[in-house]
Amino acid sequence: MSAAASLAHQLGAKPPAGLTLTEDETQQLADLIKTARATQGAELEASLLKALEIVPRPLRGTVRKVVGL
């Protein structure tokens, strides 16, 4: 996959026309976005699991299903 295609995939849209980056810079930006999203997802899941600790134990299974964990 080309760097431009990789960046478009990460952005979910075509990159802005005024974006002037080299092939290496474009790939690096795509990789940084991918890493940031993975980190953000992991942190969000960890915070949701931590928040479940205040839910009474008998309700945790139901709450997990509701929030999608």
# chains A, B, ... in the order shown; residues from 1 in each chain; ligands from 1
call {"tool": "residues_around", "arguments": {"residues": "Ala4 (chain A)", "least_positions_apart": "2", "cutoff": "8 Å", "atoms": "only C-alpha atoms", "output": "list of chain:residue names"}}
result
A:Ser2, A:Ser6, A:Leu7, A:Ala8, A:Pro15, A:Glu23, A:Thr26, A:Gln27
call {"tool": "atom_distance", "arguments": {"atom1": "CA of Thr20 (chain A)", "atom2": "CA of Ala5 (chain A)"}}
result
14.6 Å
call {"tool": "residues_around", "arguments": {"residues": "Gly68 (chain A)", "least_positions_apart": "5", "cutoff": "10 Å", "atoms": "only C-alpha atoms", "output": "MDAnalysis selection string"}}
result
chainID A and resid 45 62:63
call {"tool": "closest_residue", "arguments": {"among": "A:Ala51, A:Leu69, A:Gly18, A:Gln10", "to": "Thr35 (chain A)", "atoms": "only C-alpha atoms"}}
result
A:Gln10
call {"tool": "select_by_dssp", "arguments": {"residues": "chain A", "states": "helix (DSSP H, G or I)", "output": "short mmCIF file (atom, residue, chain, number, x, y, z; two decimals) with C-alpha atoms, in the first residue's frame"}}
result
data_model
loop_
_atom_site.label_atom_id
_atom_site.label_comp_id
_atom_site.auth_asym_id
_atom_site.auth_seq_id
_atom_site.Cartn_x
_atom_site.Cartn_y
_atom_site.Cartn_z
CA ALA A 3 1.97 6.03 1.77
CA ALA A 4 -0.81 8.21 0.38
CA ALA A 5 -3.25 5.30 0.41
CA SER A 6 -2.18 4.38 3.94
CA LEU A 7 -2.76 7.95 5.12
CA ALA A 8 -6.15 8.09 3.38
CA HIS A 9 -7.10 4.84 5.11
CA GLN A 10 -6.10 6.20 8.52
CA LEU A 11 -7.93 9.48 7.94
CA GLU A 23 6.53 9.84 0.71
CA ASP A 24 8.44 9.07 3.92
CA GLU A 25 6.74 11.89 5.85
CA THR A 26 3.33 10.76 4.62
CA GLN A 27 4.00 7.20 5.78
CA GLN A 28 5.30 8.45 9.12
CA LEU A 29 2.15 10.54 9.62
CA ALA A 30 -0.05 7.53 8.80
CA ASP A 31 1.91 5.38 11.26
CA LEU A 32 1.64 8.04 13.99
CA ILE A 33 -2.12 8.30 13.52
CA LYS A 34 -2.46 4.51 13.67
CA THR A 35 -0.37 4.33 16.86
CA ALA A 36 -2.27 7.21 18.48
CA ARG A 37 -5.62 5.55 17.76
CA ALA A 38 -4.43 2.23 19.19
CA THR A 39 -3.12 3.96 22.33
CA GLN A 40 -6.31 5.95 22.73
CA GLY A 41 -8.42 2.82 22.36
CA ALA A 42 -6.39 0.94 24.96
CA GLU A 43 -6.59 3.84 27.42
CA LEU A 44 -10.33 4.17 26.89
CA GLU A 45 -10.86 0.46 27.55
CA ALA A 46 -8.70 0.63 30.68
CA SER A 47 -10.65 3.62 32.01
CA LEU A 48 -13.96 1.86 31.34
CA LEU A 49 -12.76 -1.22 33.18
CA LYS A 50 -11.63 0.96 36.08
CA ALA A 51 -15.04 2.68 36.14
CA LEU A 52 -16.73 -0.72 36.39
CA GLU A 53 -15.16 -1.15 39.82
CA ILE A 54 -17.77 1.21 41.31
CA ARG A 57 -20.62 -6.86 41.43
CA PRO A 58 -23.98 -8.47 40.51
CA LEU A 59 -24.60 -5.78 37.88
CA ARG A 60 -21.13 -5.72 36.28
CA GLY A 61 -21.90 -8.36 33.64
CA THR A 62 -24.98 -6.47 32.48
CA VAL A 63 -23.17 -3.12 32.47
CA ARG A 64 -20.28 -4.66 30.49
CA LYS A 65 -22.72 -5.82 27.82
CA VAL A 66 -24.37 -2.39 27.68
CA VAL A 67 -21.07 -0.52 27.22
#
call {"tool": "decode", "arguments": {"residues": "region 27-65 of chain A", "atoms": "N, CA and C atoms", "output": "short mmCIF file (atom, residue, chain, number, x, y, z; two decimals), in the first residue's frame"}}
result
data_model
loop_
_atom_site.label_atom_id
_atom_site.label_comp_id
_atom_site.auth_asym_id
_atom_site.auth_seq_id
_atom_site.Cartn_x
_atom_site.Cartn_y
_atom_site.Cartn_z
N GLN A 27 4.08 8.50 5.12
CA GLN A 27 4.00 7.20 5.78
C GLN A 27 4.18 7.35 7.28
N GLN A 28 5.09 8.22 7.69
CA GLN A 28 5.30 8.45 9.12
C GLN A 28 4.05 9.02 9.77
N LEU A 29 3.38 9.96 9.10
CA LEU A 29 2.15 10.54 9.62
C LEU A 29 1.06 9.47 9.75
N ALA A 30 0.93 8.62 8.75
CA ALA A 30 -0.05 7.53 8.80
C ALA A 30 0.25 6.59 9.97
N ASP A 31 1.51 6.27 10.16
CA ASP A 31 1.91 5.38 11.26
C ASP A 31 1.63 6.03 12.62
N LEU A 32 1.89 7.33 12.73
CA LEU A 32 1.64 8.04 13.99
C LEU A 32 0.15 8.08 14.31
N ILE A 33 -0.68 8.29 13.31
CA ILE A 33 -2.12 8.30 13.52
C ILE A 33 -2.59 6.91 13.97
N LYS A 34 -2.08 5.87 13.32
CA LYS A 34 -2.46 4.51 13.67
C LYS A 34 -2.06 4.19 15.12
N THR A 35 -0.85 4.57 15.50
CA THR A 35 -0.37 4.33 16.86
C THR A 35 -1.19 5.12 17.88
N ALA A 36 -1.50 6.37 17.56
CA ALA A 36 -2.27 7.21 18.48
C ALA A 36 -3.66 6.63 18.69
N ARG A 37 -4.28 6.14 17.62
CA ARG A 37 -5.62 5.55 17.76
C ARG A 37 -5.58 4.28 18.59
N ALA A 38 -4.55 3.46 18.41
CA ALA A 38 -4.43 2.23 19.19
C ALA A 38 -4.22 2.56 20.66
N THR A 39 -3.38 3.53 20.95
CA THR A 39 -3.12 3.96 22.33
C THR A 39 -4.38 4.52 22.96
N GLN A 40 -5.08 5.35 22.22
CA GLN A 40 -6.31 5.95 22.73
C GLN A 40 -7.36 4.87 23.02
N GLY A 41 -7.47 3.90 22.14
CA GLY A 41 -8.42 2.82 22.36
C GLY A 41 -8.10 2.00 23.60
N ALA A 42 -6.82 1.71 23.79
CA ALA A 42 -6.39 0.94 24.96
C ALA A 42 -6.64 1.72 26.25
N GLU A 43 -6.36 3.01 26.23
CA GLU A 43 -6.59 3.84 27.42
C GLU A 43 -8.08 3.97 27.72
N LEU A 44 -8.89 4.08 26.69
CA LEU A 44 -10.33 4.17 26.89
C LEU A 44 -10.86 2.88 27.50
N GLU A 45 -10.42 1.74 26.99
CA GLU A 45 -10.86 0.46 27.55
C GLU A 45 -10.42 0.33 29.00
N ALA A 46 -9.19 0.72 29.31
CA ALA A 46 -8.70 0.63 30.68
C ALA A 46 -9.51 1.53 31.61
N SER A 47 -9.87 2.72 31.16
CA SER A 47 -10.65 3.62 32.01
C SER A 47 -12.08 3.09 32.21
N LEU A 48 -12.64 2.46 31.18
CA LEU A 48 -13.96 1.86 31.34
C LEU A 48 -13.93 0.70 32.32
N LEU A 49 -12.90 -0.11 32.24
CA LEU A 49 -12.76 -1.22 33.18
C LEU A 49 -12.58 -0.71 34.61
N LYS A 50 -11.83 0.36 34.76
CA LYS A 50 -11.63 0.96 36.08
C LYS A 50 -12.96 1.52 36.61
N ALA A 51 -13.75 2.13 35.74
CA ALA A 51 -15.04 2.68 36.14
C ALA A 51 -16.00 1.58 36.57
N LEU A 52 -15.86 0.39 36.01
CA LEU A 52 -16.73 -0.72 36.39
C LEU A 52 -16.54 -1.14 37.85
N GLU A 53 -15.42 -0.77 38.44
CA GLU A 53 -15.16 -1.15 39.82
C GLU A 53 -16.16 -0.53 40.79
N ILE A 54 -16.79 0.59 40.41
CA ILE A 54 -17.77 1.21 41.31
C ILE A 54 -19.17 0.62 41.12
N VAL A 55 -19.36 -0.17 40.08
CA VAL A 55 -20.64 -0.82 39.84
C VAL A 55 -20.73 -2.05 40.74
N PRO A 56 -21.87 -2.23 41.41
CA PRO A 56 -22.02 -3.41 42.26
C PRO A 56 -21.75 -4.70 41.47
N ARG A 57 -21.06 -5.62 42.09
CA ARG A 57 -20.62 -6.86 41.43
C ARG A 57 -21.73 -7.59 40.68
N PRO A 58 -22.94 -7.74 41.24
CA PRO A 58 -23.98 -8.47 40.51
C PRO A 58 -24.41 -7.80 39.20
N LEU A 59 -24.18 -6.51 39.08
CA LEU A 59 -24.60 -5.78 37.88
C LEU A 59 -23.49 -5.63 36.84
N ARG A 60 -22.26 -5.97 37.17
CA ARG A 60 -21.13 -5.72 36.28
C ARG A 60 -21.27 -6.40 34.92
N GLY A 61 -21.74 -7.65 34.92
CA GLY A 61 -21.90 -8.36 33.64
C GLY A 61 -22.86 -7.65 32.72
N THR A 62 -23.98 -7.20 33.27
CA THR A 62 -24.98 -6.47 32.48
C THR A 62 -24.41 -5.15 31.98
N VAL A 63 -23.75 -4.42 32.86
CA VAL A 63 -23.17 -3.12 32.47
C VAL A 63 -22.11 -3.32 31.40
N ARG A 64 -21.30 -4.38 31.51
CA ARG A 64 -20.28 -4.66 30.49
C ARG A 64 -20.92 -4.85 29.13
N LYS A 65 -22.03 -5.58 29.09
CA LYS A 65 -22.72 -5.82 27.82
C LYS A 65 -23.25 -4.51 27.25
#
